[in-house]
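Student: Structure in structure tokens, see below.
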Amino acid sequence: MLFILQKTVKSLQRHLHEFLDELSGGQLFEPLSAGAITHARAKLKHTAFIELHQELVTPLIYSTDGPGPLRRWHGHRLVGVDSSLVRTPNSQELREHFSLVETVNQGGLTGVGFPQARMSVLYDLLNRVGLDGRLEPSRVGEVDLAIQQLARAQPGDVLINDRGFTGYVYLAWHHKLGLHHISRCSTASFTAAQELFRKNRGGVSLRVKLMPPASYKPELRRLGLPLELMVRFVSLRLPTGELEVLVTSLLDEVEYPAHEFLEVYHWRWNHESFYHVLKSRLDLENFSGQTVEAVLQDFHAALLLCNLETVLTVQSAASLAEHSAADQQPKQINRAVTFHALKDQALALLYSDIPAEQVLTKLQRLFLGCPVSIRPDRKPPPRREPSLSRSYHFQRRVKKIVF
């Protein structure tokens, strides 16, 4: 499990030699082939990483004597659920298990395809905790996956949902499970939302009773979902001048004033940043095996690693924020550094005879030694048109891997 948790983009054989060298403390060791690892990991179930995550790491984060203070909004935990497509190795087993996607060019179908999975994570947006992760065939709908994962949320949580997650059935599940929601509406969404878009006025708060289409009612009754929902529509003017409309179950306009929703919904971007870490910093799609079990092991190991990084960095992050709060540009820890340090020290922390306190002290120094500045008013440069040559240049000559 430690070998998989220490996943790298190096060749499997080289990683194995380095791993055994560290285990042996620099002494001579009997080399093993990469095939030996392939056979050994076939005896390991990916659920072992899930159990470690759900039974050990997550309870530690939310315990009263956890690693650091938990962030809330009006006493609520802010949670997001979203999906992202993941390309897997092109083996026959993976082609049969995951969805096969055919590539298309200007001439149409090319006759070539690749297996593609859908990753969906229930994520604590303020505390950087992956609460539940699923890796399913990409043909499985993201809303269906999200409904399954709502059971892992707690009553009172507020789900921050993107467009595409505002259907009546999906919102009804929140009400049944005791969850709240703040969801972004599209211009083709509910009638009340369309009316607010038409008026084009920000700062409007409107209570509306939603009723499902008649064709939905038999299924709603079967599932035990409510046949009417009392919600609140809020229109917000973005700094760019655009109008956004949110629908929420938080009806109290005094406790939850409309002007706060702009910042709250912006926190949903933390979910996108989390996927960036998984797919870019940790190179999730550079899988270390070509079987379904190997792919699932890599995915759940990456999720566990992210939560371990949260546990180990929360105090350093709070300390750095406190000491730089008065600076013109406050500081935050560099996540690329923290993940590299954690992978590099994983064996020393979790396996060796070195006292854990000594390893943790070393890690804290590494975390605090290379901070980055926060520029809250920084405006990103205009997005350029996609370019294959720039992308190739970045991947080949610019991008730096974590491990």
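Ligands are numbered from 1 in the order shown, residues from 1 within each chain, and chains are lettered A, B, ... in the order they appear in the structure tokens.
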May I have the residues within 10 Å of Leu70 (chain A) as JSON, numbers by chain, using only C-alpha atoms and disregarding those fewer than 4 positions away in the same chain?

Tutor: {"A": [61, 62, 63, 64, 66, 77, 126, 127, 314]}

Student: Write out the residues from the selection above, keeping N, CA and C atoms, as an mmCIF file, in the first residue's frame.

Tutor:
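Contents of the output file again.cif:
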data_model
loop_
_atom_site.group_PDB
_atom_site.id
_atom_site.type_symbol
_atom_site.label_atom_id
_atom_site.label_comp_id
_atom_site.auth_asym_id
_atom_site.auth_seq_id
_atom_site.Cartn_x
_atom_site.Cartn_y
_atom_site.Cartn_z
ATOM 1 N N ILE A 61 -9.919 14.343 11.046
ATOM 2 C CA ILE A 61 -10.052 15.740 10.626
ATOM 3 C C ILE A 61 -11.206 16.421 11.346
ATOM 4 N N TYR A 62 -12.336 15.705 11.509
ATOM 5 C CA TYR A 62 -13.543 16.315 12.074
ATOM 6 C C TYR A 62 -13.714 16.059 13.569
ATOM 7 N N SER A 63 -12.731 15.438 14.200
ATOM 8 C CA SER A 63 -12.829 15.203 15.644
ATOM 9 C C SER A 63 -12.576 16.500 16.411
ATOM 10 N N THR A 64 -12.996 16.524 17.656
ATOM 11 C CA THR A 64 -12.832 17.734 18.485
ATOM 12 C C THR A 64 -11.369 18.049 18.752
ATOM 13 N N GLY A 66 -8.946 17.443 16.547
ATOM 14 C CA GLY A 66 -8.362 17.280 15.221
ATOM 15 C C GLY A 66 -7.145 18.151 15.014
ATOM 16 N N ARG A 77 -21.268 23.232 7.073
ATOM 17 C CA ARG A 77 -20.152 22.756 6.260
ATOM 18 C C ARG A 77 -20.531 22.942 4.797
ATOM 19 N N LEU A 126 -14.215 24.190 2.096
ATOM 20 C CA LEU A 126 -13.443 25.101 2.950
ATOM 21 C C LEU A 126 -12.310 24.408 3.688
ATOM 22 N N ASN A 127 -12.453 23.100 3.910
ATOM 23 C CA ASN A 127 -11.452 22.368 4.694
ATOM 24 C C ASN A 127 -10.615 21.408 3.866
ATOM 25 N N VAL A 314 -2.521 21.585 7.854
ATOM 26 C CA VAL A 314 -3.507 22.545 8.345
ATOM 27 C C VAL A 314 -2.903 23.494 9.376
#

Student: I need the residues of region 52-267 of chain A that end up classed as strand (DSSP E) by DSSP on the backbone, written out as number ranges by chain.

Tutor: A: 78-87, 99-105, 108-124, 129-137, 158-161, 180-184, 205-210, 229-237, 243-248

Student: Run DSSP on the backbone and grab whatever in region 138-315 of chain A lands in alpha helix (DSSP H); send it over as a VMD selection string.

Tutor: chain A and resid 142 to 149 168 to 177 191 to 199 217 to 223 261 to 266 269 to 276 292 to 315

Student: Could you work out how far CA of Asp82 (chain A) lies from CA of Gln315 (chain A), giving the answer in Å with one decimal?

Tutor: 27.8 Å

Student: Which polymer residues have any atom within 9 Å of an atom of Leu304 (chain A), counting only C-alpha atoms, with same-chain residues fewer than 4 positions away left out, as a count of residues only?

Tutor: 11

Student: I'd like the contact shell of region 139-154 of chain A - 8 Å cut-off, only C-alpha atoms, skipping same-chain residues fewer than 2 positions apart - returned as a list of chain:residue names.

Tutor: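 The residues satisfying every condition are A:Val79, A:Val81, A:Asp82, A:Ser83, A:Ser99, A:Arg118, A:Ser120, A:Leu122, A:Leu131, A:Asp132, A:Arg134, A:Glu136, A:Pro137, A:Gly156, A:Asp157, A:Gly164, A:Phe165, A:Tyr170, A:Trp173, A:His174, A:Leu177, A:Gly178, A:Leu179.
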
Student: Taking only C-alpha atoms into account, which of A:Lys43, A:Phe19, A:Pro155, A:Phe197 comes nearest His175 (chain A)?

Tutor: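 With only C-alpha atoms as the atom set, the closest residue is A:Pro155.
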
Student: Name the closest residue to Met230 (chain A) among the candidates A:Met211, A:Ala341, A:Leu282, A:Val372; distances are taken between atoms, counting only C-alpha atoms.

Tutor: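 Distance minimum relative to Met230 (chain A) lands on A:Met211.
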
Student: What's around His74 (chain A) at 12 Å? Count only C-alpha atoms, leave out sequence neighbours fewer than 4 positions away in its own chain, and write the answer as a list in words.

Tutor: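 These residues fall inside the cut-off: Leu78, Gly156, Asp157, Val158, Leu250, Val254, Glu255, Tyr256, Pro257, Glu260 and Val264 of chain A.
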
Student: Which polymer residues have any atom within 10 Å of an atom of Val295 (chain A), counting only C-alpha atoms, with same-chain residues fewer than 4 positions away left out, as a PyMOL selection string?

Tutor: chain A and resi 46+88-89+94+135+284-291+299-301

Student: Counting only C-alpha atoms, which of A:Gln345, A:Thr310, A:Ser373, A:Ser316 gets nearest to Glu22 (chain A)?

Tutor: A:Gln345
